[in-house]
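Okay, model15.cif now, which holds mmCIF, C-alpha atoms:
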```
data_coords
#
loop_
_atom_site.group_PDB
_atom_site.id
_atom_site.type_symbol
_atom_site.label_atom_id
_atom_site.label_comp_id
_atom_site.auth_asym_id
_atom_site.auth_seq_id
_atom_site.Cartn_x
_atom_site.Cartn_y
_atom_site.Cartn_z
ATOM 1 C CA MET A 1137 -14.807 -22.003 3.189
ATOM 2 C CA SER A 1138 -17.909 -20.911 5.129
ATOM 3 C CA PRO A 1139 -17.496 -19.931 8.788
ATOM 4 C CA ALA A 1140 -20.470 -20.589 11.020
ATOM 5 C CA ALA A 1141 -21.086 -16.840 11.326
ATOM 6 C CA PHE A 1142 -22.225 -16.795 7.685
ATOM 7 C CA GLN A 1143 -24.398 -19.910 7.933
ATOM 8 C CA ASP A 1144 -27.647 -17.982 7.374
ATOM 9 C CA PHE A 1145 -26.275 -16.039 4.410
ATOM 10 C CA ASP A 1146 -27.013 -16.872 0.795
ATOM 11 C CA THR A 1147 -24.039 -17.336 -1.513
ATOM 12 C CA VAL A 1148 -24.167 -15.564 -4.881
ATOM 13 C CA ASP A 1149 -21.761 -15.327 -7.817
ATOM 14 C CA ALA A 1150 -22.955 -12.293 -9.793
ATOM 15 C CA ASP A 1151 -22.050 -11.223 -13.321
ATOM 16 C CA VAL A 1152 -21.256 -7.478 -13.293
ATOM 17 C CA GLY A 1153 -20.122 -7.135 -16.895
ATOM 18 C CA GLU A 1154 -16.331 -7.027 -16.849
ATOM 19 C CA THR A 1155 -16.052 -9.785 -14.252
ATOM 20 C CA HIS A 1156 -17.967 -11.783 -11.661
ATOM 21 C CA ILE A 1157 -18.310 -10.899 -7.993
ATOM 22 C CA PHE A 1158 -18.675 -13.459 -5.220
ATOM 23 C CA LEU A 1159 -20.807 -12.366 -2.274
ATOM 24 C CA ARG A 1160 -22.789 -13.415 0.752
ATOM 25 C CA ARG A 1161 -26.183 -11.860 1.482
ATOM 26 C CA SER A 1162 -28.742 -11.958 4.278
ATOM 27 C CA GLY A 1163 -31.384 -9.900 6.068
ATOM 28 C CA SER A 1164 -34.161 -7.598 4.919
ATOM 29 C CA GLY A 1165 -34.820 -3.885 4.723
ATOM 30 C CA PRO A 1166 -32.535 -1.153 3.340
ATOM 31 C CA ALA A 1167 -29.344 -2.433 1.744
ATOM 32 C CA VAL A 1168 -25.928 -2.116 3.360
ATOM 33 C CA LEU A 1169 -22.844 -2.969 1.296
ATOM 34 C CA LEU A 1170 -19.742 -3.974 3.282
ATOM 35 C CA LEU A 1171 -16.352 -3.769 1.539
ATOM 36 C CA HIS A 1172 -13.197 -5.442 2.849
ATOM 37 C CA GLY A 1173 -9.541 -4.431 2.882
ATOM 38 C CA PHE A 1174 -6.110 -6.045 2.485
ATOM 39 C CA PRO A 1175 -5.091 -8.798 3.103
ATOM 40 C CA GLN A 1176 -8.651 -9.816 3.804
ATOM 41 C CA THR A 1177 -11.735 -10.932 1.908
ATOM 42 C CA HIS A 1178 -15.438 -10.553 2.674
ATOM 43 C CA LEU A 1179 -14.778 -12.883 5.617
ATOM 44 C CA MET A 1180 -13.589 -9.894 7.652
ATOM 45 C CA TRP A 1181 -17.281 -9.025 8.193
ATOM 46 C CA ARG A 1182 -18.174 -12.475 9.580
ATOM 47 C CA ARG A 1183 -19.030 -11.136 13.063
ATOM 48 C CA VAL A 1184 -20.400 -7.724 12.013
ATOM 49 C CA ALA A 1185 -22.657 -8.757 9.131
ATOM 50 C CA PRO A 1186 -25.009 -11.052 11.110
ATOM 51 C CA LEU A 1187 -25.622 -8.256 13.622
ATOM 52 C CA LEU A 1188 -26.464 -5.760 10.875
ATOM 53 C CA ALA A 1189 -28.655 -8.326 9.101
ATOM 54 C CA ARG A 1190 -31.168 -8.040 11.949
ATOM 55 C CA CYS A 1191 -32.212 -4.648 10.537
ATOM 56 C CA PHE A 1192 -30.767 -4.432 7.028
ATOM 57 C CA THR A 1193 -30.173 -6.420 3.876
ATOM 58 C CA VAL A 1194 -26.440 -6.988 4.172
ATOM 59 C CA VAL A 1195 -24.255 -7.658 1.122
ATOM 60 C CA CYS A 1196 -20.637 -8.758 1.643
ATOM 61 C CA PRO A 1197 -18.712 -9.145 -1.637
ATOM 62 C CA ASP A 1198 -15.118 -9.924 -2.486
ATOM 63 C CA LEU A 1199 -13.695 -7.027 -4.494
ATOM 64 C CA ARG A 1200 -12.454 -7.823 -7.991
ATOM 65 C CA GLY A 1201 -9.099 -9.569 -7.751
ATOM 66 C CA TYR A 1202 -9.692 -10.645 -4.158
ATOM 67 C CA GLY A 1203 -11.104 -13.792 -2.568
ATOM 68 C CA ARG A 1204 -13.417 -15.698 -4.889
ATOM 69 C CA SER A 1205 -14.272 -12.855 -7.287
ATOM 70 C CA GLY A 1206 -12.932 -12.615 -10.821
ATOM 71 C CA CYS A 1207 -9.596 -11.192 -11.916
ATOM 72 C CA PRO A 1208 -10.053 -9.125 -15.096
ATOM 73 C CA PRO A 1209 -6.979 -8.779 -17.339
ATOM 74 C CA SER A 1210 -4.668 -5.997 -16.202
ATOM 75 C CA ARG A 1211 -3.638 -3.065 -18.403
ATOM 76 C CA PRO A 1212 -0.472 -0.973 -18.573
ATOM 77 C CA ASP A 1213 -2.280 1.975 -16.976
ATOM 78 C CA HIS A 1214 -3.666 -0.233 -14.148
ATOM 79 C CA ALA A 1215 -7.205 1.037 -14.882
ATOM 80 C CA ALA A 1216 -8.714 -2.429 -14.489
ATOM 81 C CA TYR A 1217 -7.886 -2.243 -10.778
ATOM 82 C CA ALA A 1218 -8.489 1.432 -10.109
ATOM 83 C CA LYS A 1219 -11.083 2.165 -7.437
ATOM 84 C CA ARG A 1220 -13.240 3.666 -10.173
ATOM 85 C CA ALA A 1221 -13.517 0.241 -11.846
ATOM 86 C CA MET A 1222 -14.110 -1.481 -8.506
ATOM 87 C CA ALA A 1223 -16.833 1.026 -7.623
ATOM 88 C CA LYS A 1224 -18.511 0.417 -10.963
ATOM 89 C CA ASP A 1225 -18.584 -3.303 -10.121
ATOM 90 C CA MET A 1226 -20.457 -2.509 -6.924
ATOM 91 C CA VAL A 1227 -23.038 -0.340 -8.704
ATOM 92 C CA ALA A 1228 -23.721 -3.159 -11.169
ATOM 93 C CA LEU A 1229 -23.807 -5.714 -8.370
ATOM 94 C CA MET A 1230 -26.316 -3.820 -6.249
ATOM 95 C CA GLU A 1231 -28.455 -3.056 -9.305
ATOM 96 C CA THR A 1232 -28.525 -6.778 -10.105
ATOM 97 C CA LEU A 1233 -29.610 -7.519 -6.538
ATOM 98 C CA GLY A 1234 -32.415 -4.959 -6.809
ATOM 99 C CA PHE A 1235 -30.886 -2.069 -4.862
ATOM 100 C CA PRO A 1236 -30.479 1.107 -6.937
ATOM 101 C CA ARG A 1237 -29.696 2.999 -3.709
ATOM 102 C CA PHE A 1238 -27.848 1.710 -0.681
ATOM 103 C CA CYS A 1239 -25.550 2.482 2.236
ATOM 104 C CA VAL A 1240 -21.907 1.438 2.066
ATOM 105 C CA ALA A 1241 -19.148 0.858 4.602
ATOM 106 C CA GLY A 1242 -15.568 0.160 3.584
ATOM 107 C CA HIS A 1243 -12.537 -0.766 5.644
ATOM 108 C CA ASP A 1244 -8.970 -0.133 4.457
ATOM 109 C CA ARG A 1245 -8.873 -0.728 0.658
ATOM 110 C CA GLY A 1246 -12.631 -1.181 0.711
ATOM 111 C CA GLY A 1247 -12.924 2.298 2.184
ATOM 112 C CA ARG A 1248 -11.216 3.659 -0.924
ATOM 113 C CA VAL A 1249 -13.688 1.866 -3.155
ATOM 114 C CA ALA A 1250 -16.539 3.120 -0.977
ATOM 115 C CA TYR A 1251 -15.693 6.825 -1.144
ATOM 116 C CA ARG A 1252 -14.916 6.588 -4.875
ATOM 117 C CA LEU A 1253 -18.348 5.024 -5.305
ATOM 118 C CA ALA A 1254 -19.916 7.964 -3.449
ATOM 119 C CA LEU A 1255 -18.025 10.491 -5.601
ATOM 120 C CA ASP A 1256 -18.652 8.818 -8.954
ATOM 121 C CA HIS A 1257 -22.220 7.652 -8.283
ATOM 122 C CA PRO A 1258 -23.785 10.081 -5.780
ATOM 123 C CA GLU A 1259 -27.289 9.049 -6.803
ATOM 124 C CA ARG A 1260 -26.580 5.525 -5.554
ATOM 125 C CA VAL A 1261 -25.164 6.091 -2.082
ATOM 126 C CA GLU A 1262 -27.416 7.120 0.791
ATOM 127 C CA ARG A 1263 -24.794 7.020 3.536
ATOM 128 C CA LEU A 1264 -21.067 6.305 3.546
ATOM 129 C CA ALA A 1265 -18.858 4.917 6.330
ATOM 130 C CA VAL A 1266 -15.068 4.869 5.931
ATOM 131 C CA LEU A 1267 -13.134 2.747 8.426
ATOM 132 C CA ASP A 1268 -9.497 3.502 9.341
ATOM 133 C CA VAL A 1269 -8.722 5.179 6.042
ATOM 134 C CA LEU A 1270 -8.013 8.608 4.577
ATOM 135 C CA SER A 1271 -8.474 9.592 0.963
ATOM 136 C CA THR A 1272 -5.750 8.259 -1.320
ATOM 137 C CA ALA A 1273 -4.714 11.809 -2.207
ATOM 138 C CA ASP A 1274 -4.344 12.792 1.444
ATOM 139 C CA ALA A 1275 -2.409 9.629 2.253
ATOM 140 C CA TRP A 1276 0.090 10.043 -0.595
ATOM 141 C CA GLU A 1277 0.514 13.790 -0.276
ATOM 142 C CA ARG A 1278 1.212 13.477 3.454
ATOM 143 C CA ALA A 1279 3.323 10.344 3.113
ATOM 144 C CA ASP A 1280 6.678 10.210 4.849
ATOM 145 C CA LYS A 1281 9.088 7.744 6.399
ATOM 146 C CA LYS A 1282 6.435 6.595 8.883
ATOM 147 C CA LEU A 1283 3.987 5.489 6.210
ATOM 148 C CA ALA A 1284 6.683 3.860 4.090
ATOM 149 C CA THR A 1285 7.883 1.729 6.991
ATOM 150 C CA ALA A 1286 4.671 1.070 8.926
ATOM 151 C CA PHE A 1287 2.420 0.306 5.965
ATOM 152 C CA TRP A 1288 4.822 -1.436 3.604
ATOM 153 C CA PRO A 1289 2.113 -2.597 1.109
ATOM 154 C CA TRP A 1290 1.715 0.994 -0.095
ATOM 155 C CA SER A 1291 5.249 1.155 -1.468
ATOM 156 C CA LEU A 1292 6.159 -2.505 -1.948
ATOM 157 C CA LEU A 1293 3.070 -3.725 -3.784
ATOM 158 C CA ALA A 1294 3.045 -0.647 -6.029
ATOM 159 C CA GLN A 1295 6.447 -1.551 -7.497
ATOM 160 C CA PRO A 1296 6.541 -2.713 -11.146
ATOM 161 C CA GLU A 1297 5.907 -6.385 -11.764
ATOM 162 C CA PRO A 1298 7.107 -9.004 -11.196
ATOM 163 C CA LEU A 1299 9.018 -8.130 -8.008
ATOM 164 C CA PRO A 1300 6.094 -7.726 -5.569
ATOM 165 C CA GLU A 1301 4.212 -10.651 -7.112
ATOM 166 C CA ARG A 1302 7.193 -12.928 -6.625
ATOM 167 C CA LEU A 1303 7.782 -11.801 -3.053
ATOM 168 C CA VAL A 1304 4.158 -12.220 -1.961
ATOM 169 C CA SER A 1305 3.779 -15.551 -3.755
ATOM 170 C CA ALA A 1306 6.919 -16.880 -2.103
ATOM 171 C CA ALA A 1307 5.609 -16.370 1.429
ATOM 172 C CA PRO A 1308 1.873 -15.580 1.609
ATOM 173 C CA ASP A 1309 1.749 -16.734 5.235
ATOM 174 C CA ALA A 1310 4.430 -14.203 6.190
ATOM 175 C CA VAL A 1311 2.496 -11.410 4.446
ATOM 176 C CA VAL A 1312 -0.744 -12.214 6.262
ATOM 177 C CA ASP A 1313 0.927 -12.822 9.626
ATOM 178 C CA ASP A 1314 2.837 -9.532 9.449
ATOM 179 C CA ALA A 1315 -0.305 -7.535 8.618
ATOM 180 C CA LEU A 1316 -2.625 -9.206 11.113
ATOM 181 C CA GLY A 1317 -0.005 -9.216 13.842
ATOM 182 C CA GLY A 1318 1.606 -5.851 13.251
ATOM 183 C CA TRP A 1319 -1.194 -3.343 12.761
ATOM 184 C CA GLY A 1320 -2.467 -3.087 16.313
ATOM 185 C CA SER A 1321 -5.058 -5.841 16.639
ATOM 186 C CA PRO A 1322 -4.471 -8.865 18.896
ATOM 187 C CA GLY A 1323 -3.942 -12.291 17.386
ATOM 188 C CA ASP A 1324 -7.103 -13.729 18.919
ATOM 189 C CA ALA A 1325 -9.196 -11.447 16.681
ATOM 190 C CA PHE A 1326 -8.435 -13.878 13.830
ATOM 191 C CA ASP A 1327 -9.288 -17.548 14.293
ATOM 192 C CA SER A 1328 -7.131 -20.121 12.529
ATOM 193 C CA GLU A 1329 -9.763 -20.892 9.889
ATOM 194 C CA VAL A 1330 -10.052 -17.284 8.765
ATOM 195 C CA ARG A 1331 -6.300 -16.700 8.874
ATOM 196 C CA ALA A 1332 -5.862 -19.772 6.671
ATOM 197 C CA ALA A 1333 -8.460 -18.430 4.228
ATOM 198 C CA TYR A 1334 -6.607 -15.127 3.921
ATOM 199 C CA ILE A 1335 -3.362 -16.997 3.258
ATOM 200 C CA ASP A 1336 -4.974 -19.339 0.715
ATOM 201 C CA ALA A 1337 -6.286 -16.351 -1.227
ATOM 202 C CA LEU A 1338 -2.668 -15.228 -1.695
ATOM 203 C CA ARG A 1339 -1.567 -18.596 -3.037
ATOM 204 C CA ASP A 1340 -3.282 -17.836 -6.342
ATOM 205 C CA ALA A 1341 -0.856 -16.079 -8.709
ATOM 206 C CA ALA A 1342 -3.667 -14.330 -10.591
ATOM 207 C CA ARG A 1343 -5.004 -12.817 -7.379
ATOM 208 C CA VAL A 1344 -1.593 -11.748 -6.175
ATOM 209 C CA HIS A 1345 -1.061 -9.940 -9.470
ATOM 210 C CA ALA A 1346 -4.514 -8.341 -9.228
ATOM 211 C CA ILE A 1347 -3.831 -7.086 -5.708
ATOM 212 C CA CYS A 1348 -0.501 -5.619 -6.780
ATOM 213 C CA GLU A 1349 -2.269 -3.935 -9.696
ATOM 214 C CA GLU A 1350 -4.750 -2.453 -7.231
ATOM 215 C CA TYR A 1351 -1.866 -0.929 -5.251
ATOM 216 C CA ARG A 1352 -0.248 0.324 -8.470
ATOM 217 C CA ALA A 1353 -3.542 1.963 -9.373
ATOM 218 C CA ALA A 1354 -3.608 3.639 -5.953
ATOM 219 C CA ALA A 1355 -0.210 5.176 -6.627
ATOM 220 C CA THR A 1356 -1.274 6.461 -10.041
ATOM 221 C CA LEU A 1357 -4.868 6.637 -11.290
ATOM 222 C CA ASP A 1358 -6.593 6.694 -7.911
ATOM 223 C CA HIS A 1359 -4.475 9.626 -6.795
ATOM 224 C CA GLU A 1360 -5.131 11.383 -10.109
ATOM 225 C CA HIS A 1361 -8.887 10.845 -9.813
ATOM 226 C CA ASP A 1362 -8.882 12.322 -6.310
ATOM 227 C CA ALA A 1363 -6.856 15.299 -7.493
ATOM 228 C CA GLU A 1364 -9.258 15.887 -10.395
ATOM 229 C CA ASP A 1365 -12.237 15.843 -8.038
ATOM 230 C CA ARG A 1366 -10.542 18.252 -5.678
ATOM 231 C CA ARG A 1367 -9.716 20.695 -8.479
ATOM 232 C CA ALA A 1368 -13.299 20.496 -9.751
ATOM 233 C CA GLY A 1369 -14.716 21.071 -6.280
ATOM 234 C CA ARG A 1370 -16.494 17.732 -6.392
ATOM 235 C CA ARG A 1371 -17.551 16.554 -2.939
ATOM 236 C CA ILE A 1372 -19.260 13.607 -1.307
ATOM 237 C CA ALA A 1373 -22.945 14.485 -1.205
ATOM 238 C CA CYS A 1374 -24.192 12.032 1.424
ATOM 239 C CA PRO A 1375 -23.570 11.932 5.198
ATOM 240 C CA VAL A 1376 -20.205 10.363 6.092
ATOM 241 C CA LEU A 1377 -19.227 8.366 9.180
ATOM 242 C CA VAL A 1378 -15.488 8.183 9.899
ATOM 243 C CA LEU A 1379 -14.253 5.524 12.321
ATOM 244 C CA TRP A 1380 -10.579 4.901 12.991
ATOM 245 C CA SER A 1381 -8.249 3.014 15.273
ATOM 246 C CA GLY A 1382 -7.471 4.926 18.448
ATOM 247 C CA ARG A 1383 -4.262 2.906 18.694
ATOM 248 C CA GLY A 1384 -3.133 3.489 15.138
ATOM 249 C CA PRO A 1385 -1.512 6.068 12.892
ATOM 250 C CA LEU A 1386 -4.677 7.910 11.910
ATOM 251 C CA ASP A 1387 -5.125 8.933 15.525
ATOM 252 C CA SER A 1388 -1.697 10.569 15.787
ATOM 253 C CA TRP A 1389 0.031 11.118 12.445
ATOM 254 C CA TYR A 1390 -2.450 13.723 11.190
ATOM 255 C CA ALA A 1391 -3.052 15.716 14.365
ATOM 256 C CA ASP A 1392 -1.470 18.816 12.802
ATOM 257 C CA ALA A 1393 -4.184 18.731 10.112
ATOM 258 C CA GLY A 1394 -7.025 18.285 12.617
ATOM 259 C CA GLY A 1395 -7.114 14.512 12.406
ATOM 260 C CA PRO A 1396 -9.346 12.248 10.285
ATOM 261 C CA LEU A 1397 -12.537 14.264 10.792
ATOM 262 C CA ALA A 1398 -10.943 17.470 9.528
ATOM 263 C CA LEU A 1399 -9.333 15.731 6.558
ATOM 264 C CA TRP A 1400 -12.596 14.072 5.537
ATOM 265 C CA GLY A 1401 -14.340 17.392 6.149
ATOM 266 C CA ALA A 1402 -12.496 18.684 3.098
ATOM 267 C CA TRP A 1403 -14.316 16.039 1.036
ATOM 268 C CA ALA A 1404 -17.854 16.229 2.438
ATOM 269 C CA ASN A 1405 -20.159 18.641 4.258
ATOM 270 C CA ASP A 1406 -21.748 16.185 6.697
ATOM 271 C CA VAL A 1407 -18.987 14.315 8.541
ATOM 272 C CA ARG A 1408 -19.027 12.719 11.957
ATOM 273 C CA GLY A 1409 -17.148 9.943 13.728
ATOM 274 C CA ALA A 1410 -14.651 8.955 16.390
ATOM 275 C CA ALA A 1411 -11.648 6.845 17.251
ATOM 276 C CA LEU A 1412 -12.329 3.345 18.572
ATOM 277 C CA ASP A 1413 -10.212 1.668 21.231
ATOM 278 C CA ALA A 1414 -8.892 -1.115 19.003
ATOM 279 C CA GLY A 1415 -6.328 -1.788 16.285
ATOM 280 C CA HIS A 1416 -6.557 -1.388 12.525
ATOM 281 C CA PHE A 1417 -8.698 -4.497 12.111
ATOM 282 C CA PHE A 1418 -11.347 -3.324 14.564
ATOM 283 C CA PRO A 1419 -14.314 -4.873 12.673
ATOM 284 C CA GLU A 1420 -12.769 -8.236 13.532
ATOM 285 C CA GLU A 1421 -11.485 -7.196 16.966
ATOM 286 C CA ILE A 1422 -14.579 -5.406 18.319
ATOM 287 C CA PRO A 1423 -17.430 -6.503 16.026
ATOM 288 C CA GLN A 1424 -20.215 -5.619 18.461
ATOM 289 C CA ARG A 1425 -19.047 -2.015 18.807
ATOM 290 C CA THR A 1426 -18.424 -1.751 15.055
ATOM 291 C CA ALA A 1427 -21.907 -3.048 14.285
ATOM 292 C CA GLU A 1428 -23.460 -0.619 16.780
ATOM 293 C CA GLU A 1429 -21.692 2.351 15.192
ATOM 294 C CA LEU A 1430 -22.704 1.331 11.672
ATOM 295 C CA SER A 1431 -26.253 0.397 12.607
ATOM 296 C CA GLY A 1432 -26.850 3.685 14.378
ATOM 297 C CA PHE A 1433 -25.504 5.659 11.439
ATOM 298 C CA PHE A 1434 -27.369 3.668 8.781
ATOM 299 C CA ALA A 1435 -30.630 3.711 10.774
ATOM 300 C CA ALA A 1436 -31.551 7.023 9.150
ATOM 301 C CA ALA A 1437 -31.777 5.218 5.808
ATOM 302 C CA ARG A 1438 -33.836 2.440 7.395
ATOM 303 C CA ASN A 1439 -36.300 4.960 8.839
ATOM 304 C CA ALA A 1440 -36.567 7.067 5.697
#
```
Exercise: express the given structure as structure tokens:
Amino acid sequence: MSPAAFQDFDTVDADVGETHIFLRRSGSGPAVLLLHGFPQTHLMWRRVAPLLARCFTVVCPDLRGYGRSGCPPSRPDHAAYAKRAMAKDMVALMETLGFPRFCVAGHDRGGRVAYRLALDHPERVERLAVLDVLSTADAWERADKKLATAFWPWSLLAQPEPLPERLVSAAPDAVVDDALGGWGSPGDAFDSEVRAAYIDALRDAARVHAICEEYRAAATLDHEHDAEDRRAGRRIACPVLVLWSGRGPLDSWYADAGGPLALWGAWANDVRGAALDAGHFFPEEIPQRTAEELSGFFAAARNA
């Protein structure tokens, strides 16, 4: 499936050691890695990536377990789908493509991979953008009834197998429709072809299991890794851009803690950003504005 927006992008299936990563690539100049969230694939960047490719080399992969990338065997501790493993994939991928240093933007689950990448591999990341996401530790430690009911994947998909796998596999269209229709973005942000691609990706039992493992890792290892970094005083070394939905939970739930900028300020010294007037899926809803924000932030790397 190749939407017209990606028509000028090369398609690559890269070996990263433990698995293979499917990606689309285009442009020239400094590298920008774009990481998707749930229940999406790299296709979420279809309207943003071509705009960024005017100034940057843009790389849009499917994370392990998602889309057309590989699904490594799971383990009892869920380590194969921890953000640490996913970040390692991205380091190997960008090295293979000839980019030892790069900028990275991640939305939703991809944002968790992106900031883990910056923490574990500071020498690799020039600039980091996190889109509508808090750290996993902050999200879990501040979780309450609102998170459990509004963002059901956090609790449902983290349940032991096979319950969540069976539920998602039984009605992948309902899962995608609920997420795309219930998290603040209008339906016309997702054309029928892309919506169908997101649903098809959840018809594969191996991928459904991988995605559930990724959520189980978030509830266990990912939280532990964040806590370890916090205890050690480890911080994100590069500049950080924080963008979030002005219509969503991040704009209101965490006001008592100073909001997203204050919470990310506990993880990095150089933090900036703002709320955008759109829903959770704002890269698909307002791609022009999203591309402008990212391009302006990443321009410092381009001009270095």
query: the PyMOL selection byres ((chain A and resi 1190-1207) around 6) on the file shown: which residues, as a ChimeraX atom specification?
result: /A:1155-1170,1177-1178,1187-1189,1208,1337,1343,1346
- request: Please evaluate the PyMOL selection byres ((chain A and resi 1278) around 12) against the displayed coordinates and give the resulting residues as JSON, numbers by chain.
  value: {"A": [1270, 1271, 1272, 1273, 1274, 1275, 1276, 1277, 1279, 1280, 1281, 1282, 1283, 1284, 1386, 1389, 1390, 1391, 1392, 1393, 1399]}
Dump of C-alpha atoms for the selected residues, as a tab-separated table (two decimals), in the frame of the given file:
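And here's again-v7.tsv as it stands now:
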```
chain	number	residue	atom	x	y	z
A	1270	LEU	CA	-8.01	8.61	4.58
A	1271	SER	CA	-8.47	9.59	0.96
A	1272	THR	CA	-5.75	8.26	-1.32
A	1273	ALA	CA	-4.71	11.81	-2.21
A	1274	ASP	CA	-4.34	12.79	1.44
A	1275	ALA	CA	-2.41	9.63	2.25
A	1276	TRP	CA	0.09	10.04	-0.60
A	1277	GLU	CA	0.51	13.79	-0.28
A	1279	ALA	CA	3.32	10.34	3.11
A	1280	ASP	CA	6.68	10.21	4.85
A	1281	LYS	CA	9.09	7.74	6.40
A	1282	LYS	CA	6.44	6.60	8.88
A	1283	LEU	CA	3.99	5.49	6.21
A	1284	ALA	CA	6.68	3.86	4.09
A	1386	LEU	CA	-4.68	7.91	11.91
A	1389	TRP	CA	0.03	11.12	12.44
A	1390	TYR	CA	-2.45	13.72	11.19
A	1391	ALA	CA	-3.05	15.72	14.36
A	1392	ASP	CA	-1.47	18.82	12.80
A	1393	ALA	CA	-4.18	18.73	10.11
A	1399	LEU	CA	-9.33	15.73	6.56
```
message: Evaluated on this file, the PyMOL selection byres ((chain A and resi 1263) around 9) picks out some residues - which ones are they, written as a ChimeraX atom specification?
response: /A:1238-1241,1254,1261-1262,1264-1265,1374-1377,1433-1434,1436-1437
- line: Of A:Leu1299, A:Ala1286, A:Ala1216, A:Ala1404, the one nearest to Tyr1251 in chain A when counting all atoms listed in the file is A:Ala1404
message: Around (0.2, 2.6, -11.8), as given in the file, which residues come within 8 Å? Count all atoms listed in the file and list them as an NGL selection string.
response: :A and (1212-1214 or 1294 or 1349 or 1351-1357)
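When CA of Ala1373 in chain A is paired with CA of Gly1234 in chain A, their separation reads 22.3 Å.
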For range 1376-1381 of chain A, write all heavy atoms out as a JSON list (two decimals), in the first residue's frame.
```
[["chain", "number", "residue", "atom", "x", "y", "z"],
["A", 1376, "VAL", "N", 15.03, 19.75, 23.23],
["A", 1376, "VAL", "CA", 13.78, 18.98, 23.13],
["A", 1376, "VAL", "C", 12.64, 19.92, 22.75],
["A", 1376, "VAL", "O", 12.45, 20.97, 23.38],
["A", 1376, "VAL", "CB", 13.46, 18.27, 24.46],
["A", 1376, "VAL", "CG1", 12.14, 17.51, 24.35],
["A", 1376, "VAL", "CG2", 14.59, 17.33, 24.86],
["A", 1377, "LEU", "N", 11.87, 19.50, 21.74],
["A", 1377, "LEU", "CA", 10.64, 20.20, 21.37],
["A", 1377, "LEU", "C", 9.46, 19.34, 21.83],
["A", 1377, "LEU", "O", 9.39, 18.16, 21.51],
["A", 1377, "LEU", "CB", 10.56, 20.39, 19.85],
["A", 1377, "LEU", "CG", 9.26, 21.00, 19.31],
["A", 1377, "LEU", "CD1", 9.12, 22.45, 19.75],
["A", 1377, "LEU", "CD2", 9.21, 20.89, 17.79],
["A", 1378, "VAL", "N", 8.54, 19.96, 22.57],
["A", 1378, "VAL", "CA", 7.35, 19.26, 23.06],
["A", 1378, "VAL", "C", 6.13, 19.89, 22.39],
["A", 1378, "VAL", "O", 5.87, 21.09, 22.56],
["A", 1378, "VAL", "CB", 7.22, 19.38, 24.59],
["A", 1378, "VAL", "CG1", 6.02, 18.58, 25.08],
["A", 1378, "VAL", "CG2", 8.50, 18.89, 25.27],
["A", 1379, "LEU", "N", 5.39, 19.09, 21.64],
["A", 1379, "LEU", "CA", 4.14, 19.55, 21.03],
["A", 1379, "LEU", "C", 3.03, 18.64, 21.54],
["A", 1379, "LEU", "O", 3.21, 17.43, 21.64],
["A", 1379, "LEU", "CB", 4.21, 19.47, 19.50],
["A", 1379, "LEU", "CG", 5.30, 20.32, 18.82],
["A", 1379, "LEU", "CD1", 5.34, 20.03, 17.33],
["A", 1379, "LEU", "CD2", 5.09, 21.80, 19.08],
["A", 1380, "TRP", "N", 1.87, 19.22, 21.84],
["A", 1380, "TRP", "CA", 0.78, 18.40, 22.33],
["A", 1380, "TRP", "C", -0.56, 18.96, 21.87],
["A", 1380, "TRP", "O", -0.66, 20.11, 21.43],
["A", 1380, "TRP", "CB", 0.84, 18.27, 23.85],
["A", 1380, "TRP", "CG", 0.58, 19.53, 24.63],
["A", 1380, "TRP", "CD1", -0.61, 19.97, 25.15],
["A", 1380, "TRP", "CD2", 1.55, 20.54, 24.98],
["A", 1380, "TRP", "NE1", -0.44, 21.16, 25.82],
["A", 1380, "TRP", "CE2", 0.86, 21.54, 25.73],
["A", 1380, "TRP", "CE3", 2.93, 20.68, 24.76],
["A", 1380, "TRP", "CZ2", 1.52, 22.66, 26.24],
["A", 1380, "TRP", "CZ3", 3.57, 21.81, 25.26],
["A", 1380, "TRP", "CH2", 2.87, 22.77, 25.99],
["A", 1381, "SER", "N", -1.56, 18.12, 21.96],
["A", 1381, "SER", "CA", -2.91, 18.50, 21.55],
["A", 1381, "SER", "C", -3.53, 19.47, 22.54],
["A", 1381, "SER", "O", -3.66, 19.16, 23.73],
["A", 1381, "SER", "CB", -3.80, 17.25, 21.45],
["A", 1381, "SER", "OG", -5.16, 17.60, 21.37]]
```
